[in-house]
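The data block below is work39.txt; it holds compact mmCIF, C-alpha atoms.
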# COMPACT_ATOMS: atom_id res chain seq x y z
CA MET A 1 58.55 -97.63 11.37
CA SER A 2 55.20 -98.21 9.82
CA ARG A 3 54.24 -100.69 12.42
CA PRO A 4 50.85 -100.02 13.97
CA MET A 5 50.96 -98.03 17.23
CA ASN A 6 50.40 -99.64 20.52
CA ASP A 7 47.84 -98.53 23.01
CA ASP A 8 50.06 -96.10 24.82
CA GLU A 9 51.10 -94.37 21.69
CA VAL A 10 47.51 -94.10 20.56
CA ASN A 11 46.50 -92.54 23.85
CA ASN A 12 49.35 -90.15 23.61
CA GLU A 13 48.31 -88.99 20.21
CA LEU A 14 44.73 -88.67 21.31
CA GLN A 15 45.72 -86.52 24.24
CA LYS A 16 47.83 -84.36 22.04
CA MET A 17 44.91 -83.86 19.69
CA VAL A 18 42.55 -83.09 22.50
CA GLY A 19 45.02 -80.54 23.82
CA PHE A 20 45.33 -79.01 20.40
CA ILE A 21 41.58 -78.69 20.00
CA LYS A 22 41.29 -77.08 23.41
CA GLN A 23 44.14 -74.72 22.67
CA GLU A 24 42.58 -73.57 19.45
CA ALA A 25 39.27 -72.99 21.17
CA MET A 26 40.90 -70.91 23.91
CA GLU A 27 42.72 -68.78 21.38
CA LYS A 28 39.59 -68.20 19.38
CA ALA A 29 37.65 -67.33 22.51
CA ARG A 30 40.36 -64.93 23.54
CA GLU A 31 40.29 -63.24 20.16
CA ILE A 32 36.53 -62.84 20.32
CA GLN A 33 36.75 -61.32 23.78
CA VAL A 34 39.42 -58.82 22.85
CA LYS A 35 37.48 -57.72 19.82
CA ALA A 36 34.33 -57.47 21.89
CA ASP A 37 36.06 -55.15 24.35
CA GLU A 38 37.28 -52.97 21.53
CA GLU A 39 33.89 -52.77 19.90
CA PHE A 40 32.34 -51.99 23.25
CA ALA A 41 34.60 -49.01 23.73
CA ILE A 42 34.09 -47.72 20.20
CA GLU A 43 30.33 -48.12 20.23
CA LYS A 44 29.96 -46.51 23.62
CA ALA A 45 32.11 -43.54 22.60
CA ARG A 46 30.18 -43.15 19.39
CA LEU A 47 26.80 -43.17 21.09
CA VAL A 48 27.91 -40.75 23.77
CA LYS A 49 29.47 -38.35 21.31
CA GLN A 50 26.43 -38.39 19.08
CA GLU A 51 24.05 -37.57 21.90
CA GLN A 52 26.39 -35.00 23.39
CA GLN A 53 26.40 -33.12 20.14
CA ALA A 54 22.64 -33.16 20.00
CA ILE A 55 22.41 -31.95 23.61
CA ASP A 56 24.98 -29.21 22.98
CA ALA A 57 23.03 -27.95 20.01
CA GLN A 58 19.85 -27.97 22.06
CA TYR A 59 21.36 -25.93 24.87
CA GLU A 60 23.00 -23.59 22.43
CA LYS A 61 19.54 -22.80 21.10
CA LYS A 62 18.12 -22.35 24.60
CA LEU A 63 20.92 -19.99 25.48
CA LYS A 64 20.37 -17.92 22.38
CA GLY A 65 16.67 -17.80 23.11
CA ALA A 66 17.33 -16.55 26.62
CA GLU A 67 19.71 -13.89 25.34
CA ILE A 68 17.20 -12.70 22.80
CA SER A 69 14.42 -12.48 25.33
CA GLN A 70 16.72 -10.47 27.56
CA LYS A 71 17.42 -8.06 24.73
CA ILE A 72 13.74 -7.79 24.04
CA ALA A 73 13.05 -7.01 27.67
CA GLN A 74 15.69 -4.31 27.69
CA SER A 75 14.32 -2.78 24.54
CA THR A 76 10.80 -2.77 25.96
CA LEU A 77 12.07 -0.92 29.03
CA THR A 78 13.74 1.73 26.94
CA ASN A 79 10.64 2.10 24.83
CA LYS A 80 8.39 2.51 27.85
CA SER A 81 10.72 5.13 29.20
CA ARG A 82 10.66 7.10 25.96
CA LEU A 83 6.89 6.96 25.89
CA LYS A 84 6.75 8.36 29.41
CA LEU A 85 8.94 11.26 28.38
CA LEU A 86 6.89 12.01 25.31
CA HIS A 87 3.72 11.84 27.35
CA ARG A 88 5.07 14.40 29.77
CA ARG A 89 6.02 16.71 26.94
CA GLU A 90 2.57 16.41 25.45
CA GLU A 91 1.00 17.25 28.80
CA HIS A 92 3.11 20.37 29.07
CA LEU A 93 2.27 21.36 25.55
CA GLN A 94 -1.46 21.09 26.18
CA ASP A 95 -1.03 23.11 29.32
CA LEU A 96 0.74 25.79 27.35
CA PHE A 97 -1.95 25.92 24.68
CA ASN A 98 -4.65 26.16 27.30
CA THR A 99 -2.89 29.10 28.90
CA ALA A 100 -2.57 30.76 25.53
CA ARG A 101 -6.25 30.24 24.77
CA GLN A 102 -7.17 31.81 28.07
CA SER A 103 -4.98 34.82 27.37
CA LEU A 104 -6.61 35.31 23.99
CA LEU A 105 -9.64 36.74 25.64
CA SER A 106 -7.66 39.69 26.93
CA LEU A 107 -6.35 40.65 23.47
CA SER A 108 -9.56 42.31 22.44
CA GLN A 109 -9.45 44.60 25.48
CA ASP A 110 -6.70 46.80 24.05
CA GLU A 111 -8.96 48.97 21.87
CA GLY A 112 -6.37 50.59 19.69
CA ARG A 113 -4.50 47.43 18.85
CA TYR A 114 -7.68 45.44 18.39
CA VAL A 115 -9.08 47.84 15.79
CA GLN A 116 -5.83 47.80 13.91
CA PHE A 117 -5.82 44.03 14.11
CA LEU A 118 -9.36 43.80 12.76
CA GLU A 119 -8.46 46.01 9.85
CA GLY A 120 -5.46 43.86 9.06
CA ILE A 121 -7.34 40.58 9.10
CA ILE A 122 -10.18 41.93 7.02
CA VAL A 123 -7.74 43.06 4.31
CA GLN A 124 -6.13 39.67 4.53
CA ALA A 125 -9.55 38.05 4.11
CA TYR A 126 -10.41 40.22 1.12
CA LEU A 127 -7.13 39.38 -0.56
CA GLN A 128 -7.58 35.70 0.15
CA VAL A 129 -11.03 35.32 -1.46
CA MET A 130 -10.72 38.01 -4.16
CA GLU A 131 -14.49 38.33 -4.44
CA PRO A 132 -16.49 41.44 -5.38
CA THR A 133 -19.09 40.91 -2.64
CA VAL A 134 -18.57 39.50 0.84
CA ILE A 135 -20.34 39.17 4.15
CA ILE A 136 -18.31 39.75 7.30
CA TYR A 137 -19.32 38.11 10.57
CA SER A 138 -18.11 39.62 13.81
CA ARG A 139 -18.98 39.29 17.48
CA LYS A 140 -22.05 41.18 18.59
CA SER A 141 -19.91 43.49 20.69
CA ASP A 142 -17.56 44.18 17.79
CA VAL A 143 -20.10 45.20 15.15
CA ASP A 144 -19.33 48.90 15.18
CA VAL A 145 -15.56 48.63 15.19
CA ALA A 146 -15.83 45.91 12.58
CA LYS A 147 -17.81 48.17 10.27
CA LYS A 148 -15.22 50.90 10.54
CA ALA A 149 -12.38 48.47 10.09
CA ALA A 150 -14.05 46.93 7.03
CA GLU A 151 -14.26 50.39 5.42
CA ASN A 152 -10.61 51.10 5.90
CA ALA A 153 -9.78 47.59 4.86
CA ALA A 154 -11.64 48.03 1.58
CA ALA A 155 -9.54 51.09 0.82
CA GLN A 156 -6.34 49.20 1.53
CA TYR A 157 -7.58 46.34 -0.59
CA LYS A 158 -8.08 48.72 -3.50
CA GLU A 159 -4.55 50.03 -2.91
CA LEU A 160 -3.04 46.61 -3.08
CA SER A 161 -5.06 44.89 -5.77
CA GLY A 162 -6.81 47.60 -7.71
CA LYS A 163 -10.17 45.90 -7.04
CA ASP A 164 -13.34 47.03 -5.35
CA VAL A 165 -15.24 45.09 -2.75
CA LYS A 166 -18.75 45.41 -1.38
CA PHE A 167 -19.20 44.20 2.18
CA GLU A 168 -21.85 43.65 4.77
CA VAL A 169 -21.23 43.20 8.50
CA ASN A 170 -23.24 40.75 10.63
CA GLY A 171 -22.76 40.65 14.38
CA THR A 172 -23.77 37.02 14.74
CA LEU A 173 -20.62 35.48 16.24
CA SER A 174 -20.91 34.57 19.90
CA ASP A 175 -19.36 36.94 22.41
CA ASP A 176 -17.72 33.97 24.09
CA LEU A 177 -15.21 33.88 21.28
CA ALA A 178 -12.00 35.79 21.64
CA GLY A 179 -12.49 38.01 18.63
CA GLY A 180 -11.66 38.37 14.95
CA ILE A 181 -13.94 37.86 11.94
CA LYS A 182 -15.33 35.23 9.65
CA LEU A 183 -15.97 35.98 6.03
CA ILE A 184 -18.16 34.40 3.36
CA SER A 185 -18.05 35.24 -0.33
CA GLY A 186 -21.12 36.74 -1.89
CA SER A 187 -22.23 33.50 -3.52
CA GLY A 188 -21.85 31.74 -0.18
CA ARG A 189 -19.40 29.28 -1.66
CA ILE A 190 -16.18 30.29 0.08
CA THR A 191 -15.79 30.53 3.88
CA LEU A 192 -12.83 32.06 5.62
CA ASP A 193 -12.28 31.79 9.33
CA ASN A 194 -10.01 34.56 10.60
CA THR A 195 -11.04 34.54 14.25
CA LEU A 196 -8.46 34.77 17.00
CA ASP A 197 -9.27 31.22 18.08
CA GLU A 198 -8.74 29.81 14.63
CA ARG A 199 -5.54 31.74 14.15
CA LEU A 200 -4.21 30.45 17.41
CA ARG A 201 -5.13 26.93 16.43
CA LEU A 202 -3.26 27.24 13.17
CA LEU A 203 -0.28 28.68 14.95
CA GLU A 204 -0.29 25.87 17.50
CA ASP A 205 0.03 23.44 14.68
CA ARG A 206 2.49 25.29 12.46
CA MET A 207 4.81 26.45 15.19
CA LEU A 208 5.32 23.07 16.80
CA PRO A 209 8.99 22.67 15.77
CA GLU A 210 9.80 26.15 17.00
CA ILE A 211 7.85 25.65 20.22
CA ARG A 212 9.66 22.40 20.84
CA LYS A 213 13.01 24.03 20.44
CA ASP A 214 12.09 26.91 22.74
CA LEU A 215 10.57 24.75 25.44
CA PHE A 216 12.75 21.67 25.49
CA GLY A 217 15.86 22.50 23.55
CA PRO A 218 16.77 21.36 20.03
CA ASN A 219 16.70 17.68 19.14
CA GLU A 220 20.13 16.18 19.68
CA ASN A 221 19.51 13.35 17.30
CA ARG A 222 18.50 15.47 14.36
CA LYS A 223 21.02 15.65 11.55
CA PHE A 224 19.38 17.68 8.83
CA TYR A 225 17.90 21.11 8.82
CA THR A 226 16.81 22.69 5.56
CA MET B 1 40.62 -102.79 17.28
CA SER B 2 37.39 -101.07 16.21
CA ALA B 3 36.44 -100.73 19.87
CA GLN B 4 39.57 -98.70 20.41
CA HIS B 5 38.84 -96.63 17.36
CA SER B 6 35.39 -95.62 18.48
CA GLN B 7 36.71 -94.76 21.93
CA GLY B 8 39.29 -92.53 20.44
CA ILE B 9 36.77 -90.84 18.22
CA GLN B 10 34.49 -90.39 21.21
CA THR B 11 37.23 -88.62 23.07
CA LEU B 12 37.83 -86.36 20.15
CA LEU B 13 34.17 -85.60 19.74
CA GLU B 14 33.90 -84.67 23.39
CA ALA B 15 36.89 -82.41 23.02
CA GLU B 16 35.21 -80.70 20.08
CA LYS B 17 32.09 -80.23 22.14
CA GLU B 18 34.08 -78.63 24.92
CA ALA B 19 35.81 -76.39 22.44
CA ALA B 20 32.52 -75.30 20.95
CA LYS B 21 31.25 -74.48 24.44
CA ILE B 22 34.25 -72.33 25.15
CA VAL B 23 33.81 -70.39 21.91
CA GLN B 24 30.09 -70.05 22.54
CA GLN B 25 30.75 -68.55 25.95
CA SER B 26 33.00 -65.93 24.50
CA ARG B 27 30.33 -65.13 21.92
CA GLN B 28 27.85 -64.58 24.74
CA TYR B 29 30.36 -62.31 26.36
CA ARG B 30 30.50 -60.27 23.15
CA ILE B 31 26.75 -59.94 22.93
CA GLN B 32 26.54 -58.86 26.55
CA LYS B 33 29.30 -56.35 26.02
CA LEU B 34 27.42 -54.71 23.19
CA LYS B 35 24.32 -54.40 25.37
CA ASP B 36 26.47 -52.91 28.10
CA ALA B 37 27.81 -50.38 25.66
CA ARG B 38 24.30 -49.22 24.99
CA SER B 39 23.27 -48.93 28.64
CA GLU B 40 26.51 -47.34 29.85
CA ALA B 41 26.39 -44.83 27.06
CA THR B 42 22.86 -43.91 28.07
CA LYS B 43 23.99 -43.39 31.64
CA GLU B 44 26.86 -41.14 30.61
CA ILE B 45 24.57 -39.16 28.35
CA GLU B 46 22.13 -38.60 31.20
CA GLU B 47 24.94 -37.27 33.37
CA TYR B 48 26.05 -34.92 30.66
CA LYS B 49 22.54 -33.68 30.10
CA LYS B 50 22.09 -33.04 33.83
CA SER B 51 25.26 -31.00 34.02
CA LYS B 52 24.26 -28.96 30.98
CA GLU B 53 20.85 -28.33 32.47
CA ALA B 54 22.44 -27.13 35.72
CA GLU B 55 24.70 -24.80 33.73
CA PHE B 56 21.75 -23.34 31.90
CA LYS B 57 19.72 -22.87 35.08
CA ALA B 58 22.62 -21.00 36.65
CA PHE B 59 22.77 -18.69 33.66
CA GLU B 60 19.04 -18.05 33.86
CA ALA B 61 19.24 -17.23 37.55
CA SER B 62 21.98 -14.68 37.00
CA HIS B 63 20.05 -13.17 34.11
CA ALA B 64 16.91 -12.69 36.19
CA GLY B 65 19.02 -10.65 38.57
CA THR B 66 20.25 -8.32 35.84
CA THR B 67 16.75 -7.73 34.51
CA SER B 68 15.47 -6.22 37.73
CA GLU B 69 18.63 -4.15 38.05
CA ALA B 70 18.18 -2.85 34.55
CA GLN B 71 14.57 -1.93 35.31
CA ALA B 72 15.59 0.09 38.35
CA ALA B 73 18.35 1.85 36.44
CA VAL B 74 16.07 2.78 33.57
CA ASP B 75 13.40 4.03 35.95
CA LYS B 76 15.85 6.25 37.76
CA ASP B 77 17.15 7.63 34.49
CA THR B 78 13.60 8.29 33.32
CA GLU B 79 12.79 10.19 36.50
CA VAL B 80 15.77 12.45 36.00
CA LYS B 81 14.79 13.14 32.40
CA LEU B 82 11.17 13.80 33.35
CA LYS B 83 12.27 16.33 35.90
CA SER B 84 14.54 18.12 33.46
CA ILE B 85 11.68 18.29 30.97
CA SER B 86 9.37 19.87 33.51
CA ASP B 87 12.04 22.27 34.67
CA SER B 88 12.89 23.43 31.20
CA PHE B 89 9.21 23.82 30.41
CA ASP B 90 8.56 25.91 33.50
CA SER B 91 11.38 28.31 32.71
CA ASN B 92 10.39 28.79 29.06
CA LYS B 93 6.63 28.61 29.20
CA ASP B 94 5.84 32.26 29.56
CA ALA B 95 8.14 33.35 26.76
CA VAL B 96 6.54 30.88 24.40
CA VAL B 97 3.00 31.87 25.35
CA GLN B 98 3.92 35.45 24.65
CA LYS B 99 5.41 34.48 21.32
CA LEU B 100 2.21 32.73 20.36
CA LEU B 101 0.04 35.65 21.34
CA ASP B 102 2.23 38.10 19.46
CA ARG B 103 2.03 36.04 16.30
CA VAL B 104 -1.73 35.64 16.53
CA VAL B 105 -2.27 39.32 16.08
CA LEU B 106 0.56 39.78 13.63
CA VAL B 107 -0.94 40.12 10.19
CA LYS B 108 0.72 41.13 6.92
CA PRO B 109 -1.83 41.28 4.17
CA GLU B 110 -0.25 40.73 0.75
CA LEU B 111 -1.56 40.25 -2.74
CA HIS B 112 -1.00 36.72 -4.04
CA ARG B 113 2.35 36.56 -5.75
CA ASN B 114 0.87 35.39 -9.03
CA LEU B 115 -1.46 38.36 -9.35
CA LYS B 116 -0.76 41.85 -10.49
CA LYS B 117 -2.50 44.97 -9.38
CA VAL B 118 -5.33 45.81 -11.76
CA GLY B 119 -4.81 49.31 -13.02
CA ALA B 120 -8.01 51.24 -12.89

Once you've parsed the file, please lay out its structure as structure tokens.
Amino acid sequence: MSRPMNDDEVNNELQKMVGFIKQEAMEKAREIQVKADEEFAIEKARLVKQEQQAIDAQYEKKLKGAEISQKIAQSTLTNKSRLKLLHRREEHLQDLFNTARQSLLSLSQDEGRYVQFLEGIIVQAYLQVMEPTVIIYSRKSDVDVAKKAAENAAAQYKELSGKDVKFEVNGTLSDDLAGGIKLISGSGRITLDNTLDERLRLLEDRMLPEIRKDLFGPNENRKFYT
Amino acid sequence: MSAQHSQGIQTLLEAEKEAAKIVQQSRQYRIQKLKDARSEATKEIEEYKKSKEAEFKAFEASHAGTTSEAQAAVDKDTEVKLKSISDSFDSNKDAVVQKLLDRVVLVKPELHRNLKKVGA
């Protein structure tokens, strides 16, 4: 059996070997191809997923931004509306104050009431400054009534406080004013403005809550009242 | 005999060369496939992005519609409120003016609460 092979046998073996080599190569090639296909699919899916996530996040942000800007726009609208309403209220209020200021001028026409009023405000002035000497300023047209009122007022002042007061009346206020008096202490250091105009001004300011309630109704959003 | 040997070896060497070629081809295939993965992924991503963009644009368009609606609604509401303010003012104005004028002349002179009347 260990005789050398003849030509045919040698060829046979060679062919078998060649076949074997080819076979192995084909199998290896096949393996590489299958793996390549797999890797292709995986890599593609990975890349796509990665970018999709990034894109999703980006559009999520854009959406949020759009929503926010919409909310801002809505809020701006509401704000503008509120401002309009407040503006209208303010206009009405100014109108009201103007009317009141006009009407002031007629208050001094009612003689009886005006004299009584002058007396009252002069006592009030005396009690406010608590000075022994004062100068009273009235309108030129009021000088006489003011003098009388100041007399009576001094008596009332003594009644209330037990103190005396010396006064002087100057008719230097303009007649354009609505009425009332101004008072300066004897040393000239304290001034008191008790004119009708000033009183109205103070009232305008202090009465605002009450005026608001009377004109426009109470505030529905308010929770606390003292 | 050596002539036969070298022929045989030649055959085998050629077979090896063929085999190497076959394997090399499949390796090329692999490389190409990886490049394809890259480019096809890019294409798919572009598509996705386009569809997302279209979605977003649609949302924006609908939102622009609601803004102008909202504006009109708010304006109408404001008009109503403005009117009610003016109406309520007109009906109460005179009473309030009178109140103001009454209080202007109302005066109650009092001694300061910390002081006592000086007996004399």

Restrict the calculation to only C-alpha atoms, then for each residue of region 16-86 of chain B with any atom at most 12 Å from an atom of region 6-12 of chain B give the closest atom pair and their distance in Å to one decimal, rows by chain and rising residue number, as a tab-separated table.
residue	atom	partner	partner_atom	distance
B:Glu16	CA	B:Leu12	CA	6.2
B:Lys17	CA	B:Leu12	CA	8.6
B:Glu18	CA	B:Leu12	CA	9.8
B:Ala19	CA	B:Leu12	CA	10.4

Pick out the residues sitting within 12 Å of Gln50 (chain A), and hand them over as a VMD selection string; count only C-alpha atoms, and ignore anything fewer than 4 positions along from it in its own chain. (chain A and resid 43 to 46 54 to 57) or (chain B and resid 41 to 42 44 to 45)

Dump as JSON lines the rows for residues of chain B within 7 Å of chain A: closest atom pair and distance in Å with one decimal, all atoms listed in the file counted, ordered by chain and rising residue number.
{"residue": "B:Gly8", "atom": "CA", "partner": "A:Leu14", "partner_atom": "CA", "distance": 6.7}
{"residue": "B:Leu12", "atom": "CA", "partner": "A:Val18", "partner_atom": "CA", "distance": 6.2}
{"residue": "B:Ala15", "atom": "CA", "partner": "A:Val18", "partner_atom": "CA", "distance": 5.7}
{"residue": "B:Glu16", "atom": "CA", "partner": "A:Ile21", "partner_atom": "CA", "distance": 6.7}
{"residue": "B:Ala19", "atom": "CA", "partner": "A:Ala25", "partner_atom": "CA", "distance": 5.0}
{"residue": "B:Ile22", "atom": "CA", "partner": "A:Ala25", "partner_atom": "CA", "distance": 6.4}
{"residue": "B:Val23", "atom": "CA", "partner": "A:Ala29", "partner_atom": "CA", "distance": 4.9}
{"residue": "B:Ser26", "atom": "CA", "partner": "A:Ala29", "partner_atom": "CA", "distance": 5.2}
{"residue": "B:Arg27", "atom": "CA", "partner": "A:Ile32", "partner_atom": "CA", "distance": 6.8}
{"residue": "B:Tyr29", "atom": "CA", "partner": "A:Gln33", "partner_atom": "CA", "distance": 7.0}
{"residue": "B:Arg30", "atom": "CA", "partner": "A:Ala36", "partner_atom": "CA", "distance": 4.9}
{"residue": "B:Lys33", "atom": "CA", "partner": "A:Phe40", "partner_atom": "CA", "distance": 6.0}
{"residue": "B:Leu34", "atom": "CA", "partner": "A:Phe40", "partner_atom": "CA", "distance": 5.6}
{"residue": "B:Ala37", "atom": "CA", "partner": "A:Lys44", "partner_atom": "CA", "distance": 4.9}
{"residue": "B:Arg38", "atom": "CA", "partner": "A:Lys44", "partner_atom": "CA", "distance": 6.4}
{"residue": "B:Ala41", "atom": "CA", "partner": "A:Lys44", "partner_atom": "CA", "distance": 5.2}
{"residue": "B:Glu44", "atom": "CA", "partner": "A:Val48", "partner_atom": "CA", "distance": 6.9}
{"residue": "B:Ile45", "atom": "CA", "partner": "A:Val48", "partner_atom": "CA", "distance": 5.9}
{"residue": "B:Lys49", "atom": "CA", "partner": "A:Ile55", "partner_atom": "CA", "distance": 6.7}
{"residue": "B:Gln71", "atom": "CA", "partner": "A:Leu77", "partner_atom": "CA", "distance": 6.8}
{"residue": "B:Thr78", "atom": "CA", "partner": "A:Ser81", "partner_atom": "CA", "distance": 5.9}
{"residue": "B:Leu82", "atom": "CA", "partner": "A:Leu85", "partner_atom": "CA", "distance": 6.0}
{"residue": "B:Ile85", "atom": "CA", "partner": "A:Phe216", "partner_atom": "CA", "distance": 6.5}
{"residue": "B:Ser88", "atom": "CA", "partner": "A:Phe216", "partner_atom": "CA", "distance": 6.0}
{"residue": "B:Phe89", "atom": "CA", "partner": "A:Leu215", "partner_atom": "CA", "distance": 5.2}
{"residue": "B:Asn92", "atom": "CA", "partner": "A:Leu215", "partner_atom": "CA", "distance": 5.4}
{"residue": "B:Lys93", "atom": "CA", "partner": "A:Leu215", "partner_atom": "CA", "distance": 6.7}
{"residue": "B:Val96", "atom": "CA", "partner": "A:Ile211", "partner_atom": "CA", "distance": 6.8}
{"residue": "B:Val97", "atom": "CA", "partner": "A:Ala100", "partner_atom": "CA", "distance": 5.7}
{"residue": "B:Leu101", "atom": "CA", "partner": "A:Ala100", "partner_atom": "CA", "distance": 6.9}
{"residue": "B:Val104", "atom": "CA", "partner": "A:Leu200", "partner_atom": "CA", "distance": 5.8}
{"residue": "B:Val105", "atom": "CA", "partner": "A:Phe117", "partner_atom": "CA", "distance": 6.2}
{"residue": "B:Val107", "atom": "CA", "partner": "A:Gly120", "partner_atom": "CA", "distance": 6.0}
{"residue": "B:Pro109", "atom": "CA", "partner": "A:Gln124", "partner_atom": "CA", "distance": 4.6}
{"residue": "B:Leu111", "atom": "CA", "partner": "A:Leu127", "partner_atom": "CA", "distance": 6.0}
{"residue": "B:Lys117", "atom": "CA", "partner": "A:Ser161", "partner_atom": "CA", "distance": 4.4}
{"residue": "B:Val118", "atom": "CA", "partner": "A:Gly162", "partner_atom": "CA", "distance": 4.7}
{"residue": "B:Gly119", "atom": "CA", "partner": "A:Gly162", "partner_atom": "CA", "distance": 5.9}
{"residue": "B:Ala120", "atom": "CA", "partner": "A:Gly162", "partner_atom": "CA", "distance": 6.4}

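If you look at CA of Pro218 (chain A) and CA of Val74 (chain B), they are 23.0 Å away from each other.
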
Quick one: pull the distance between CA of Lys81 (chain B) and CA of Lys223 (chain A), Å, one decimal. 21.9 Å

Atomic distance CA of Ala54 (chain B) - CA of Ile68 (chain A), expressed in Å with one decimal: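 It comes out at 20.1 Å.
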
Taking (-19.8, 42.9, 20.8) in the file's coordinates as the center, which residues reach within 10 Å of it, counting all atoms listed in the file, put as number ranges by chain? A: 138-146, 171-176, 179

Generate the output file for the selected residues, C-alpha atoms, as an mmCIF file, in the coordinates of the input.
data_model
loop_
_atom_site.group_PDB
_atom_site.id
_atom_site.type_symbol
_atom_site.label_atom_id
_atom_site.label_comp_id
_atom_site.auth_asym_id
_atom_site.auth_seq_id
_atom_site.Cartn_x
_atom_site.Cartn_y
_atom_site.Cartn_z
ATOM 1 C CA SER A 138 -18.110 39.620 13.810
ATOM 2 C CA ARG A 139 -18.980 39.290 17.480
ATOM 3 C CA LYS A 140 -22.050 41.180 18.590
ATOM 4 C CA SER A 141 -19.910 43.490 20.690
ATOM 5 C CA ASP A 142 -17.560 44.180 17.790
ATOM 6 C CA VAL A 143 -20.100 45.200 15.150
ATOM 7 C CA ASP A 144 -19.330 48.900 15.180
ATOM 8 C CA VAL A 145 -15.560 48.630 15.190
ATOM 9 C CA ALA A 146 -15.830 45.910 12.580
ATOM 10 C CA GLY A 171 -22.760 40.650 14.380
ATOM 11 C CA THR A 172 -23.770 37.020 14.740
ATOM 12 C CA LEU A 173 -20.620 35.480 16.240
ATOM 13 C CA SER A 174 -20.910 34.570 19.900
ATOM 14 C CA ASP A 175 -19.360 36.940 22.410
ATOM 15 C CA ASP A 176 -17.720 33.970 24.090
ATOM 16 C CA GLY A 179 -12.490 38.010 18.630
#
